[in-house]
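Chemist: There's a structure below that I have some questions on.
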Amino acid sequence: MELDALYQEVILDHYKHPQHKGLVPTYDAQVHHVNPSCGDETTLNISLDNGSIKSISWDGVGCSISQASVSIMSDLMIGKSVKDAEVILNSFVDLMQSKGLKSGDPQILEDGVSMAGVSKFPARIKCALLGWMAYKDAVLSASSK
């Protein structure tokens with residue numbers, strides 16, 4: 001199986017079977033992000049515990065890329081320290097800004113490397129980053145409490 005086809009399967013699997021979808025009622029911060037260019041939306045709840053990400057839950061509507069990406073992100077970040085999660089976030093943002101020139105580090109991004117091809121399409125980068133930017137805002141908000 002070609003790598004691109006495998007990555008498409010990973011994205012479709014996260015879209016069809018999203019991880020951590022469904023907002024939990026207890027959280028330290030909640031944010032709502034909208035991609036005005038396409039209408040994708042994500043609401044994200046986060047709970048922290050002693051500098052670690054205790055839980056992330058989310059709900060949203062949108063394309064397969066935005067929904068799969070937030071699923072991948074939530075699965076990656078839960079259980080990590082905020083500091084380790086920042087490395088993952090920065091690695092994903094770098095991948096999205098690479099214009100298709102980088103493939104991402106699977107040791108850091110795991111299923112997130114499946115989004116590498118998205119970076120070739122400027123109109124879709126915002127879709128892939130929607131949940132990640134919601135995470136970034138939520139962790140900042142929760143950390144400042």
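Chain labels run A, B, ... following the order of the structure tokens; each chain numbers its residues from 1, and ligands are numbered from 1 in the order shown.
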If we count only C-alpha atoms and set the cut-off at 8 Å, which residues sit around range 38-46 of chain A, ignoring sequence neighbours fewer than 3 positions away in its own chain? Please answer as a PyMOL selection string.
Modeler: chain A and resi 23-24+27-35+53-63+66+127+130-131+134-135+138-139+142
Chemist: Quick one: residues within 10 Å of Val82 in chain A, only C-alpha atoms, excluding same-chain residues fewer than 6 positions away - as a CSV table (one decimal) with N, CA and C atoms, in the first residue's frame?
Modeler:
chain,number,residue,atom,x,y,z
A,48,LEU,N,-6.4,20.2,33.4
A,48,LEU,CA,-4.9,20.0,33.7
A,48,LEU,C,-4.8,19.5,35.1
A,49,ASP,N,-3.7,18.8,35.4
A,49,ASP,CA,-3.4,18.3,36.7
A,49,ASP,C,-1.9,18.4,37.0
A,50,ASN,N,-1.5,19.3,37.8
A,50,ASN,CA,-0.1,19.4,38.1
A,50,ASN,C,0.8,19.5,36.9
A,51,GLY,N,0.4,20.4,35.9
A,51,GLY,CA,1.3,20.6,34.7
A,51,GLY,C,1.1,19.5,33.7
A,52,SER,N,0.2,18.6,33.8
A,52,SER,CA,-0.1,17.6,32.8
A,52,SER,C,-1.5,17.7,32.3
A,53,ILE,N,-1.7,17.2,31.1
A,53,ILE,CA,-3.0,17.2,30.5
A,53,ILE,C,-3.8,16.0,30.9
A,88,ILE,N,5.0,18.8,20.8
A,88,ILE,CA,4.2,18.2,19.8
A,88,ILE,C,3.5,19.2,18.9
A,139,VAL,N,-5.2,25.5,26.7
A,139,VAL,CA,-4.1,25.2,27.7
A,139,VAL,C,-3.6,26.5,28.3
A,140,LEU,N,-3.6,27.6,27.5
A,140,LEU,CA,-3.1,28.9,28.0
A,140,LEU,C,-4.2,29.4,29.0
A,143,SER,N,-4.0,27.2,32.2
A,143,SER,CA,-2.8,27.4,32.9
A,143,SER,C,-2.8,28.8,33.7
Chemist: DSSP says strand (DSSP E or B) for which residues of range 34-96 of chain A? Put them as a list of chain:residue names?
Modeler: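 Checking each residue of range 34-96 of chain A, the strand (DSSP E or B) ones are A:Val34, A:Glu41, A:Thr42, A:Thr43, A:Leu44, A:Asn45, A:Ile46, A:Ser47, A:Leu48, A:Asp49, A:Ser52, A:Ile53, A:Lys54, A:Ser55, A:Ile56, A:Ser57, A:Trp58, A:Asp59, A:Gly60, A:Val61, A:Ser81.
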Chemist: Tell me which of A:Leu95, A:Ala116, A:Ile108, A:Val70 sits closest to Trp132 in chain A, counting only C-alpha atoms.
Modeler: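 Answer, going by the shortest atom-to-atom distance: A:Val70.
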Chemist: Report as number ranges by chain: the residues of range 13-125 of chain A with a DSSP assignment of helix (DSSP H, G or I), based on the backbone of this structure.
Modeler: A: 13-16, 64-77, 82-96, 106-120, 122-125
Chemist: Go ahead and write the selection's residues with C-alpha atoms as a short mmCIF file (atom, residue, chain, number, x, y, z; two decimals), in the first residue's frame.
Modeler:
data_model
loop_
_atom_site.label_atom_id
_atom_site.label_comp_id
_atom_site.auth_asym_id
_atom_site.auth_seq_id
_atom_site.Cartn_x
_atom_site.Cartn_y
_atom_site.Cartn_z
CA ASP A 13 -10.40 6.26 10.48
CA HIS A 14 -10.06 9.26 12.84
CA TYR A 15 -12.93 10.97 11.04
CA LYS A 16 -15.23 7.95 11.26
CA SER A 64 -12.79 15.15 7.46
CA ILE A 65 -9.45 16.96 7.81
CA SER A 66 -10.53 19.26 10.65
CA GLN A 67 -12.36 16.50 12.52
CA ALA A 68 -9.61 13.90 12.09
CA SER A 69 -6.94 16.40 13.07
CA VAL A 70 -8.59 17.32 16.39
CA SER A 71 -9.09 13.61 17.07
CA ILE A 72 -5.39 12.94 16.44
CA MET A 73 -4.38 15.94 18.57
CA SER A 74 -6.54 14.97 21.54
CA ASP A 75 -5.24 11.41 21.48
CA LEU A 76 -1.64 12.65 21.35
CA MET A 77 -1.87 15.26 24.10
CA VAL A 82 2.17 20.76 29.05
CA LYS A 83 5.84 21.17 28.17
CA ASP A 84 5.99 17.92 26.17
CA ALA A 85 2.68 18.80 24.50
CA GLU A 86 4.19 22.13 23.40
CA VAL A 87 6.89 20.21 21.52
CA ILE A 88 4.19 18.17 19.76
CA LEU A 89 2.18 21.29 18.94
CA ASN A 90 5.21 23.11 17.54
CA SER A 91 6.17 20.06 15.48
CA PHE A 92 2.68 19.87 13.97
CA VAL A 93 2.59 23.59 13.20
CA ASP A 94 6.02 23.28 11.56
CA LEU A 95 4.72 20.38 9.47
CA MET A 96 1.68 22.40 8.38
CA PRO A 106 6.43 9.90 13.65
CA GLN A 107 8.11 9.57 17.07
CA ILE A 108 6.64 12.96 18.03
CA LEU A 109 3.49 13.22 15.92
CA GLU A 110 2.43 9.56 15.64
CA ASP A 111 -0.79 9.62 13.54
CA GLY A 112 -0.25 13.36 13.03
CA VAL A 113 2.22 12.60 10.23
CA SER A 114 -0.79 11.47 8.19
CA MET A 115 -1.61 15.18 7.79
CA ALA A 116 1.69 15.95 6.00
CA GLY A 117 0.02 16.06 2.57
CA VAL A 118 -2.41 18.74 3.78
CA SER A 119 0.47 21.21 3.99
CA LYS A 120 0.58 21.27 0.16
CA PRO A 122 -2.95 26.33 1.72
CA ALA A 123 -6.75 26.40 1.88
CA ARG A 124 -6.77 23.18 3.96
CA ILE A 125 -4.03 24.08 6.44
#
Chemist: By how many Å are CA of Asp105 in chain A and CA of Asp137 in chain A apart?
Modeler: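 Rounded to one decimal, the two atoms are 23.8 Å apart.
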Chemist: Between CA of Leu101 in chain A and CA of Met133 in chain A, what is the distance, to one decimal in Å?
Modeler: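 Taking CA of Leu101 in chain A as the start and CA of Met133 in chain A as the end point, the length is 21.8 Å.
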